[in-house]
Amino acid sequence: MSRLFPDVFRNPAIRASMIAIFTFGMAGAMTAPYRSIVGIRELGLSDGLYSFLSFVSAAVNVVISILLGNLADRLGEYRSTMIGACLFGIAGYGMVYAFPTATVFVISGLLPLPIYGALNSLLFANARAAMHGMNRSDMVTANSGVRAMISLSWVLIPGITGLMLSGASSMLPAYLFAAISCLLCQAIIIFALPKRSATEMAAVHHLSYLGALRQVVSPRISAHICGVALITSTLHLNDALLPLIATGAAHGKLSDVGILVGIVALLEVVFIIIWSRIARKTGQMTALAAGTVIYAVFLSLLGFASQPWHLYGLTLLAGIGAAAIISFPITYLQDLIADRPGLGSALISVNIFASAGIGALVFAAGTFMTGYSGTAILSAVTGLSGIALLGFLQGRRAR
């Protein structure tokens, strides 16, 4: 059993972080598939307002993640900020269920839920602090295990939620389920996460909040974030392209999309652990490059899919490549500000925002100049350009 489950997962703080981030993922997996249905169809938001709300919410989440990460580094402990974020999650999801109006939905999306979203980087920061003294390969393995729990929640929870709400006249109960998962996450943080002395984790030199923001946007940091964002934008592009190609050029059904996503998510969970073992021998950058190339091949072939079985045949490539792309950048980004786990982990949120923006631009440009198939090939080029940029930066730093 120890060969299947590395010793690093025996660490109580990492194990509790894995369980907590699973419950964090549950909230998103319960509501994300139905968010547009609730906001637009049930509560009456316009398409434009919903899109604007999504953009502003993501931007607020980036700023809050940086500020809370810096605050946690200054305090030298992460429990209080994580507990506070959970409270905002309970309030944000709960208020939408209890007071289902367009105004409440917008307010929830502008403040409580973006603050709760910062819990993602705080949990990774807490796990990073627990890795103090570990060797490099164990750190990559631990981060991969924590990240795998989010994928696992997306494998299990959307289908369960769909079954529970099948035949229901409203999708609003999904927000009640999400509020309960936030409460469960808070209980895990309070009762299962080991307490650590603040003095052993506190940053020696405190940064002001503006100083933290300046460090994140500095050329040294932002260049690396750009490279990582180009790679991870391929995941966002696939999210947009797969349903369109599956129900268009590949002549599939909407049900095929859900099955394909579930298969790939399950493969991600398996290959995240496999990639962490490969990285022990090859190094993180080599493994990330290999995963990016594999995912680029998948996207290129996706552009030529003309039958549903083509898409099912590509799920193995998709799962292998995606597993590398969603796991290795976490450690890479944290290493950019290695002495501040909170601020370094906040770069995860910055990357999510940047990669979503790049993905939107590539999708818009690709669909304007060519069709969905051409955009899939352009997406592959985007990912390859990202790993090329990281390789250039690493080579320049090694001189």
# chains A, B, ... in the order shown; residues from 1 in each chain; ligands from 1

call {"tool": "residues_around", "arguments": {"residues": "segment 335-347 of chain A", "least_positions_apart": "4", "cutoff": "8 Å", "atoms": "only C-alpha atoms", "output": "ChimeraX atom specification"}}
result
/A:62,65-73,118,121-122,124-126,128-129,203,212,216,221,225,330-331,351

call {"tool": "write_last_selection", "arguments": {"atoms": "N, CA, C and O atoms", "output": "short mmCIF file (atom, residue, chain, number, x, y, z; two decimals), in the first residue's frame"}}
result
data_model
loop_
_atom_site.label_atom_id
_atom_site.label_comp_id
_atom_site.auth_asym_id
_atom_site.auth_seq_id
_atom_site.Cartn_x
_atom_site.Cartn_y
_atom_site.Cartn_z
N VAL A 62 -8.74 37.43 -7.44
CA VAL A 62 -7.28 37.57 -7.57
C VAL A 62 -6.74 38.53 -6.51
O VAL A 62 -5.77 38.22 -5.80
N SER A 65 -7.12 37.08 -2.98
CA SER A 65 -6.17 35.99 -2.75
C SER A 65 -4.79 36.53 -2.40
O SER A 65 -4.12 36.01 -1.50
N ILE A 66 -4.37 37.57 -3.10
CA ILE A 66 -3.06 38.19 -2.82
C ILE A 66 -3.05 38.82 -1.44
O ILE A 66 -2.11 38.64 -0.66
N LEU A 67 -4.10 39.57 -1.13
CA LEU A 67 -4.16 40.26 0.16
C LEU A 67 -4.24 39.28 1.33
O LEU A 67 -3.53 39.44 2.34
N LEU A 68 -5.09 38.25 1.21
CA LEU A 68 -5.20 37.27 2.29
C LEU A 68 -3.93 36.43 2.40
O LEU A 68 -3.52 36.06 3.51
N GLY A 69 -3.31 36.11 1.27
CA GLY A 69 -2.06 35.37 1.31
C GLY A 69 -0.97 36.14 2.03
O GLY A 69 -0.23 35.60 2.86
N ASN A 70 -0.89 37.45 1.72
CA ASN A 70 0.10 38.30 2.39
C ASN A 70 -0.22 38.44 3.87
O ASN A 70 0.69 38.41 4.73
N LEU A 71 -1.51 38.57 4.21
CA LEU A 71 -1.92 38.67 5.62
C LEU A 71 -1.54 37.40 6.37
O LEU A 71 -1.01 37.47 7.49
N ALA A 72 -1.78 36.24 5.75
CA ALA A 72 -1.44 34.97 6.41
C ALA A 72 0.06 34.84 6.63
O ALA A 72 0.51 34.35 7.68
N ASP A 73 0.85 35.31 5.66
CA ASP A 73 2.31 35.28 5.83
C ASP A 73 2.74 36.18 6.98
O ASP A 73 3.66 35.85 7.73
N ALA A 118 -10.70 32.43 -2.42
CA ALA A 118 -9.31 32.57 -1.98
C ALA A 118 -8.88 31.41 -1.09
O ALA A 118 -7.68 31.21 -0.88
N SER A 121 -6.15 28.97 -2.65
CA SER A 121 -4.72 29.26 -2.52
C SER A 121 -4.26 29.18 -1.07
O SER A 121 -3.12 28.79 -0.78
N LEU A 122 -5.14 29.50 -0.12
CA LEU A 122 -4.77 29.40 1.30
C LEU A 122 -4.53 27.95 1.71
O LEU A 122 -3.62 27.66 2.50
N PHE A 124 -3.50 25.55 -0.29
CA PHE A 124 -2.21 25.18 -0.87
C PHE A 124 -1.06 25.81 -0.10
O PHE A 124 0.01 25.21 0.05
N ALA A 125 -1.28 27.04 0.41
CA ALA A 125 -0.25 27.70 1.21
C ALA A 125 -0.02 26.94 2.51
O ALA A 125 1.13 26.76 2.94
N ASN A 126 -1.10 26.50 3.14
CA ASN A 126 -0.97 25.74 4.38
C ASN A 126 -0.23 24.42 4.13
O ASN A 126 0.62 24.02 4.92
N ARG A 128 1.87 23.91 1.72
CA ARG A 128 3.26 24.27 1.41
C ARG A 128 4.06 24.49 2.70
O ARG A 128 5.22 24.06 2.82
N ALA A 129 3.44 25.17 3.67
CA ALA A 129 4.12 25.39 4.95
C ALA A 129 4.40 24.07 5.66
O ALA A 129 5.45 23.90 6.29
N ALA A 203 6.67 35.30 8.03
CA ALA A 203 7.69 35.87 7.16
C ALA A 203 8.57 36.82 7.97
O ALA A 203 8.08 37.59 8.80
N ALA A 212 2.94 43.81 -1.67
CA ALA A 212 2.65 42.45 -2.14
C ALA A 212 2.12 42.47 -3.57
O ALA A 212 2.52 41.65 -4.41
N VAL A 216 3.93 40.86 -7.07
CA VAL A 216 3.25 39.93 -7.98
C VAL A 216 3.36 40.40 -9.43
O VAL A 216 3.54 39.59 -10.35
N ILE A 221 8.39 38.12 -11.83
CA ILE A 221 7.29 37.21 -11.50
C ILE A 221 6.31 37.10 -12.67
O ILE A 221 5.90 36.01 -13.06
N ILE A 225 4.61 33.92 -14.80
CA ILE A 225 3.15 33.71 -14.77
C ILE A 225 2.60 33.67 -16.19
O ILE A 225 1.72 32.86 -16.50
N ILE A 330 1.47 24.35 -9.98
CA ILE A 330 1.24 24.77 -8.60
C ILE A 330 2.57 24.96 -7.87
O ILE A 330 2.84 26.02 -7.30
N THR A 331 3.42 23.93 -7.89
CA THR A 331 4.72 24.03 -7.25
C THR A 331 5.59 25.07 -7.93
O THR A 331 6.32 25.82 -7.27
N ASN A 351 -2.82 33.07 -11.81
CA ASN A 351 -2.67 32.27 -13.03
C ASN A 351 -4.02 31.85 -13.59
O ASN A 351 -4.22 31.86 -14.82
#

call {"tool": "residues_around", "arguments": {"residues": "Gly248 of chain A", "least_positions_apart": "6", "cutoff": "12 Å", "atoms": "only C-alpha atoms", "output": "PyMOL selection string"}}
result
chain A and resi 241-242+254+256-257+303-308+371-373

call {"tool": "write_last_selection", "arguments": {"atoms": "all heavy atoms", "output": "mmCIF file, in the first residue's frame"}}
result
data_model
loop_
_atom_site.group_PDB
_atom_site.id
_atom_site.type_symbol
_atom_site.label_atom_id
_atom_site.label_comp_id
_atom_site.auth_asym_id
_atom_site.auth_seq_id
_atom_site.Cartn_x
_atom_site.Cartn_y
_atom_site.Cartn_z
ATOM 1 N N LEU A 241 -14.137 24.398 -26.395
ATOM 2 C CA LEU A 241 -14.147 23.760 -27.711
ATOM 3 C C LEU A 241 -14.776 22.370 -27.714
ATOM 4 O O LEU A 241 -15.469 22.001 -28.666
ATOM 5 C CB LEU A 241 -12.715 23.665 -28.246
ATOM 6 C CG LEU A 241 -12.072 24.986 -28.676
ATOM 7 C CD1 LEU A 241 -10.578 24.793 -28.899
ATOM 8 C CD2 LEU A 241 -12.736 25.509 -29.942
ATOM 9 N N LEU A 242 -14.512 21.589 -26.676
ATOM 10 C CA LEU A 242 -14.977 20.205 -26.673
ATOM 11 C C LEU A 242 -16.488 20.073 -26.888
ATOM 12 O O LEU A 242 -16.922 19.296 -27.756
ATOM 13 C CB LEU A 242 -14.554 19.503 -25.374
ATOM 14 C CG LEU A 242 -14.978 18.038 -25.250
ATOM 15 C CD1 LEU A 242 -14.343 17.194 -26.352
ATOM 16 C CD2 LEU A 242 -14.613 17.479 -23.880
ATOM 17 N N LEU A 254 -25.219 15.846 -26.523
ATOM 18 C CA LEU A 254 -24.868 16.544 -25.287
ATOM 19 C C LEU A 254 -24.475 15.552 -24.195
ATOM 20 O O LEU A 254 -23.601 15.832 -23.372
ATOM 21 C CB LEU A 254 -26.038 17.415 -24.813
ATOM 22 C CG LEU A 254 -26.214 18.767 -25.521
ATOM 23 C CD1 LEU A 254 -27.504 19.433 -25.058
ATOM 24 C CD2 LEU A 254 -25.013 19.668 -25.264
ATOM 25 N N ASP A 256 -22.832 12.923 -24.581
ATOM 26 C CA ASP A 256 -21.440 12.529 -24.818
ATOM 27 C C ASP A 256 -20.480 13.480 -24.121
ATOM 28 O O ASP A 256 -19.437 13.066 -23.617
ATOM 29 C CB ASP A 256 -21.134 12.507 -26.318
ATOM 30 C CG ASP A 256 -21.794 11.343 -27.031
ATOM 31 O OD1 ASP A 256 -21.744 10.229 -26.491
ATOM 32 O OD2 ASP A 256 -22.359 11.562 -28.115
ATOM 33 N N VAL A 257 -20.837 14.775 -24.100
ATOM 34 C CA VAL A 257 -19.968 15.777 -23.484
ATOM 35 C C VAL A 257 -19.778 15.468 -21.999
ATOM 36 O O VAL A 257 -18.653 15.460 -21.483
ATOM 37 C CB VAL A 257 -20.542 17.200 -23.671
ATOM 38 C CG1 VAL A 257 -19.668 18.224 -22.952
ATOM 39 C CG2 VAL A 257 -20.643 17.541 -25.143
ATOM 40 N N GLY A 303 -9.150 18.858 -33.277
ATOM 41 C CA GLY A 303 -9.587 19.658 -34.416
ATOM 42 C C GLY A 303 -9.984 18.837 -35.628
ATOM 43 O O GLY A 303 -10.694 19.334 -36.508
ATOM 44 N N PHE A 304 -9.536 17.568 -35.693
ATOM 45 C CA PHE A 304 -9.851 16.704 -36.835
ATOM 46 C C PHE A 304 -10.926 15.673 -36.507
ATOM 47 O O PHE A 304 -11.250 14.830 -37.349
ATOM 48 C CB PHE A 304 -8.579 15.979 -37.300
ATOM 49 C CG PHE A 304 -7.535 16.889 -37.882
ATOM 50 C CD1 PHE A 304 -6.454 17.317 -37.105
ATOM 51 C CD2 PHE A 304 -7.638 17.346 -39.191
ATOM 52 C CE1 PHE A 304 -5.495 18.161 -37.638
ATOM 53 C CE2 PHE A 304 -6.679 18.189 -39.723
ATOM 54 C CZ PHE A 304 -5.606 18.604 -38.950
ATOM 55 N N ALA A 305 -11.474 15.707 -35.290
ATOM 56 C CA ALA A 305 -12.483 14.722 -34.891
ATOM 57 C C ALA A 305 -13.743 14.881 -35.736
ATOM 58 O O ALA A 305 -14.264 15.988 -35.903
ATOM 59 C CB ALA A 305 -12.820 14.880 -33.410
ATOM 60 N N SER A 306 -14.224 13.765 -36.275
ATOM 61 C CA SER A 306 -15.431 13.803 -37.114
ATOM 62 C C SER A 306 -16.468 12.760 -36.708
ATOM 63 O O SER A 306 -17.542 12.696 -37.302
ATOM 64 C CB SER A 306 -15.051 13.595 -38.590
ATOM 65 O OG SER A 306 -14.373 12.356 -38.762
ATOM 66 N N GLN A 307 -16.129 11.946 -35.689
ATOM 67 C CA GLN A 307 -17.052 10.938 -35.182
ATOM 68 C C GLN A 307 -16.948 10.888 -33.662
ATOM 69 O O GLN A 307 -15.880 11.183 -33.107
ATOM 70 C CB GLN A 307 -16.719 9.553 -35.760
ATOM 71 C CG GLN A 307 -16.889 9.430 -37.257
ATOM 72 C CD GLN A 307 -18.340 9.543 -37.698
ATOM 73 O OE1 GLN A 307 -19.263 9.178 -36.949
ATOM 74 N NE2 GLN A 307 -18.561 10.046 -38.901
ATOM 75 N N PRO A 308 -18.015 10.506 -32.962
ATOM 76 C CA PRO A 308 -17.938 10.453 -31.496
ATOM 77 C C PRO A 308 -16.822 9.550 -30.983
ATOM 78 O O PRO A 308 -16.187 9.868 -29.974
ATOM 79 C CB PRO A 308 -19.319 9.904 -31.105
ATOM 80 C CG PRO A 308 -20.224 10.335 -32.214
ATOM 81 C CD PRO A 308 -19.382 10.250 -33.456
ATOM 82 N N GLY A 371 -12.533 28.140 -38.063
ATOM 83 C CA GLY A 371 -13.603 27.484 -37.325
ATOM 84 C C GLY A 371 -13.108 26.912 -36.011
ATOM 85 O O GLY A 371 -11.991 27.180 -35.560
ATOM 86 N N TYR A 372 -13.944 26.088 -35.392
ATOM 87 C CA TYR A 372 -13.577 25.483 -34.113
ATOM 88 C C TYR A 372 -12.371 24.545 -34.268
ATOM 89 O O TYR A 372 -11.527 24.457 -33.378
ATOM 90 C CB TYR A 372 -14.767 24.709 -33.543
ATOM 91 C CG TYR A 372 -15.965 25.586 -33.237
ATOM 92 C CD1 TYR A 372 -17.252 25.183 -33.590
ATOM 93 C CD2 TYR A 372 -15.802 26.815 -32.601
ATOM 94 C CE1 TYR A 372 -18.350 25.983 -33.310
ATOM 95 C CE2 TYR A 372 -16.898 27.619 -32.326
ATOM 96 C CZ TYR A 372 -18.171 27.199 -32.687
ATOM 97 O OH TYR A 372 -19.254 27.991 -32.416
ATOM 98 N N SER A 373 -12.297 23.851 -35.395
ATOM 99 C CA SER A 373 -11.177 22.938 -35.612
ATOM 100 C C SER A 373 -9.860 23.702 -35.686
ATOM 101 O O SER A 373 -8.856 23.290 -35.097
ATOM 102 C CB SER A 373 -11.396 22.139 -36.899
ATOM 103 O OG SER A 373 -12.541 21.323 -36.795
#

call {"tool": "closest_residue", "arguments": {"among": "A:Gly227, A:Pro173, A:Gly39, A:Pro329", "to": "Gln284 of chain A", "atoms": "only C-alpha atoms"}}
result
A:Pro329

call {"tool": "residues_around", "arguments": {"residues": "Ser170 of chain A", "least_positions_apart": "6", "cutoff": "12 Å", "atoms": "only C-alpha atoms", "output": "list in words"}}
result
Tyr34, Arg35, Ile37, Val38, Gly39, Arg41, Glu42, Leu43, Tyr97, Pro100, Gly162 and Met164 of chain A

call {"tool": "write_last_selection", "arguments": {"atoms": "all heavy atoms", "output": "mmCIF file, in the first residue's frame"}}
result
data_model
loop_
_atom_site.group_PDB
_atom_site.id
_atom_site.type_symbol
_atom_site.label_atom_id
_atom_site.label_comp_id
_atom_site.auth_asym_id
_atom_site.auth_seq_id
_atom_site.Cartn_x
_atom_site.Cartn_y
_atom_site.Cartn_z
ATOM 1 N N TYR A 34 -24.531 24.717 -12.831
ATOM 2 C CA TYR A 34 -25.886 25.287 -12.827
ATOM 3 C C TYR A 34 -25.893 26.798 -12.584
ATOM 4 O O TYR A 34 -26.960 27.402 -12.486
ATOM 5 C CB TYR A 34 -26.735 24.589 -11.747
ATOM 6 C CG TYR A 34 -26.621 23.092 -11.785
ATOM 7 C CD1 TYR A 34 -25.958 22.398 -10.773
ATOM 8 C CD2 TYR A 34 -27.156 22.365 -12.838
ATOM 9 C CE1 TYR A 34 -25.835 21.017 -10.812
ATOM 10 C CE2 TYR A 34 -27.034 20.975 -12.884
ATOM 11 C CZ TYR A 34 -26.371 20.317 -11.866
ATOM 12 O OH TYR A 34 -26.245 18.957 -11.914
ATOM 13 N N ARG A 35 -24.701 27.403 -12.473
ATOM 14 C CA ARG A 35 -24.632 28.825 -12.122
ATOM 15 C C ARG A 35 -25.329 29.700 -13.164
ATOM 16 O O ARG A 35 -26.099 30.605 -12.822
ATOM 17 C CB ARG A 35 -23.176 29.242 -11.972
ATOM 18 C CG ARG A 35 -22.986 30.655 -11.388
ATOM 19 C CD ARG A 35 -21.514 30.967 -11.217
ATOM 20 N NE ARG A 35 -20.907 30.044 -10.266
ATOM 21 C CZ ARG A 35 -19.743 29.425 -10.462
ATOM 22 N NH1 ARG A 35 -19.071 29.601 -11.586
ATOM 23 N NH2 ARG A 35 -19.265 28.620 -9.533
ATOM 24 N N ILE A 37 -27.614 28.788 -15.277
ATOM 25 C CA ILE A 37 -29.048 28.473 -15.292
ATOM 26 C C ILE A 37 -29.759 29.238 -14.181
ATOM 27 O O ILE A 37 -30.823 29.851 -14.396
ATOM 28 C CB ILE A 37 -29.268 26.960 -15.124
ATOM 29 C CG1 ILE A 37 -28.697 26.204 -16.322
ATOM 30 C CG2 ILE A 37 -30.754 26.645 -14.943
ATOM 31 C CD1 ILE A 37 -28.762 24.702 -16.189
ATOM 32 N N VAL A 38 -29.167 29.230 -12.970
ATOM 33 C CA VAL A 38 -29.769 29.945 -11.842
ATOM 34 C C VAL A 38 -29.753 31.449 -12.096
ATOM 35 O O VAL A 38 -30.771 32.134 -11.935
ATOM 36 C CB VAL A 38 -29.027 29.612 -10.529
ATOM 37 C CG1 VAL A 38 -29.489 30.535 -9.397
ATOM 38 C CG2 VAL A 38 -29.246 28.164 -10.147
ATOM 39 N N GLY A 39 -28.591 31.987 -12.500
ATOM 40 C CA GLY A 39 -28.466 33.428 -12.662
ATOM 41 C C GLY A 39 -29.300 33.993 -13.796
ATOM 42 O O GLY A 39 -29.965 35.020 -13.637
ATOM 43 N N ARG A 41 -31.595 32.114 -16.191
ATOM 44 C CA ARG A 41 -32.946 31.600 -16.441
ATOM 45 C C ARG A 41 -33.871 31.744 -15.244
ATOM 46 O O ARG A 41 -35.046 32.083 -15.396
ATOM 47 C CB ARG A 41 -32.874 30.129 -16.860
ATOM 48 C CG ARG A 41 -32.204 29.922 -18.224
ATOM 49 C CD ARG A 41 -32.256 28.473 -18.652
ATOM 50 N NE ARG A 41 -31.585 28.266 -19.925
ATOM 51 C CZ ARG A 41 -31.395 27.084 -20.494
ATOM 52 N NH1 ARG A 41 -31.845 25.983 -19.875
ATOM 53 N NH2 ARG A 41 -30.766 26.970 -21.650
ATOM 54 N N GLU A 42 -33.335 31.463 -14.045
ATOM 55 C CA GLU A 42 -34.224 31.474 -12.877
ATOM 56 C C GLU A 42 -34.346 32.843 -12.232
ATOM 57 O O GLU A 42 -35.420 33.211 -11.734
ATOM 58 C CB GLU A 42 -33.747 30.455 -11.838
ATOM 59 C CG GLU A 42 -33.807 29.014 -12.324
ATOM 60 C CD GLU A 42 -33.605 28.013 -11.193
ATOM 61 O OE1 GLU A 42 -33.859 28.373 -10.028
ATOM 62 O OE2 GLU A 42 -33.196 26.875 -11.489
ATOM 63 N N LEU A 43 -33.247 33.638 -12.216
ATOM 64 C CA LEU A 43 -33.275 34.925 -11.519
ATOM 65 C C LEU A 43 -33.317 36.118 -12.463
ATOM 66 O O LEU A 43 -33.437 37.247 -12.009
ATOM 67 C CB LEU A 43 -32.055 35.029 -10.583
ATOM 68 C CG LEU A 43 -31.964 33.934 -9.512
ATOM 69 C CD1 LEU A 43 -30.759 34.154 -8.608
ATOM 70 C CD2 LEU A 43 -33.243 33.891 -8.675
ATOM 71 N N TYR A 97 -29.492 30.900 -1.837
ATOM 72 C CA TYR A 97 -30.577 29.935 -1.640
ATOM 73 C C TYR A 97 -31.719 30.530 -0.829
ATOM 74 O O TYR A 97 -32.897 30.322 -1.164
ATOM 75 C CB TYR A 97 -30.042 28.693 -0.934
ATOM 76 C CG TYR A 97 -31.130 27.706 -0.574
ATOM 77 C CD1 TYR A 97 -31.718 26.910 -1.554
ATOM 78 C CD2 TYR A 97 -31.587 27.584 0.745
ATOM 79 C CE1 TYR A 97 -32.731 26.018 -1.234
ATOM 80 C CE2 TYR A 97 -32.593 26.686 1.073
ATOM 81 C CZ TYR A 97 -33.162 25.905 0.077
ATOM 82 O OH TYR A 97 -34.173 25.025 0.395
ATOM 83 N N PRO A 100 -33.466 34.219 -3.079
ATOM 84 C CA PRO A 100 -33.174 34.051 -4.507
ATOM 85 C C PRO A 100 -33.679 35.204 -5.376
ATOM 86 O O PRO A 100 -34.746 35.132 -5.990
ATOM 87 C CB PRO A 100 -33.876 32.738 -4.855
ATOM 88 C CG PRO A 100 -35.011 32.658 -3.888
ATOM 89 C CD PRO A 100 -34.535 33.308 -2.628
ATOM 90 N N GLY A 162 -26.601 16.172 -9.790
ATOM 91 C CA GLY A 162 -27.592 16.057 -10.858
ATOM 92 C C GLY A 162 -28.671 15.051 -10.530
ATOM 93 O O GLY A 162 -29.861 15.276 -10.792
ATOM 94 N N MET A 164 -29.617 14.136 -7.490
ATOM 95 C CA MET A 164 -30.416 14.648 -6.385
ATOM 96 C C MET A 164 -31.435 15.687 -6.856
ATOM 97 O O MET A 164 -32.513 15.829 -6.276
ATOM 98 C CB MET A 164 -29.502 15.248 -5.311
ATOM 99 C CG MET A 164 -28.626 14.225 -4.604
ATOM 100 S SD MET A 164 -27.456 14.969 -3.448
ATOM 101 C CE MET A 164 -28.580 15.608 -2.193
#

call {"tool": "residues_around", "arguments": {"residues": "Gly391 of chain A", "least_positions_apart": "4", "cutoff": "9 Å", "atoms": "only C-alpha atoms", "output": "PDB file with C-alpha atoms, in the first residue's frame"}}
result
ATOM      1  CA  MET A 285      10.129  21.111 -15.897  1.00  0.00           C
ATOM      2  CA  ALA A 289       7.036  19.968 -20.961  1.00  0.00           C
ATOM      3  CA  GLY A 386       4.080  28.734 -23.029  1.00  0.00           C
ATOM      4  CA  ILE A 387       6.486  25.867 -22.355  1.00  0.00           C
ATOM      5  CA  GLY A 395      17.831  28.902 -19.382  1.00  0.00           C
ATOM      6  CA  ARG A 396      18.464  32.610 -18.834  1.00  0.00           C
TER       7      ARG A 396
END

call {"tool": "closest_residue", "arguments": {"among": "A:Ala148, A:Leu53, A:Leu230, A:Ala192", "to": "Thr103 of chain A", "atoms": "only C-alpha atoms"}}
result
A:Leu53

call {"tool": "closest_residue", "arguments": {"among": "A:Ile272, A:Leu237, A:Ile278, A:Leu384", "to": "Asn143 of chain A", "atoms": "only C-alpha atoms"}}
result
A:Ile272

call {"tool": "select_by_dssp", "arguments": {"residues": "segment 172-306 of chain A", "states": "helix (DSSP H, G or I)", "output": "PyMOL selection string"}}
result
chain A and resi 173-191+198-200+209-216+219-246+254-282+284-302

call {"tool": "residues_around", "arguments": {"residues": "Trp154 of chain A", "least_positions_apart": "2", "cutoff": "8 Å", "atoms": "only C-alpha atoms", "output": "list of chain:residue names"}}
result
A:Gly25, A:Met26, A:Ala29, A:Ile150, A:Ser151, A:Leu152, A:Leu156, A:Ile157, A:Pro158, A:Gly262, A:Ala265

call {"tool": "closest_residue", "arguments": {"among": "A:Ser218, A:Gly357, A:Glu268, A:Tyr332", "to": "Thr315 of chain A", "atoms": "only C-alpha atoms"}}
result
A:Glu268

call {"tool": "residues_around", "arguments": {"residues": "Ala296 of chain A", "least_positions_apart": "4", "cutoff": "12 Å", "atoms": "only C-alpha atoms", "output": "PyMOL selection string"}}
result
chain A and resi 230-235+237-238+289-292+300-303+314+317-318+320-322+325+376-387

call {"tool": "atom_distance", "arguments": {"atom1": "atom CA of Leu288 of chain A", "atom2": "atom CA of Arg136 of chain A"}}
result
15.0 Å
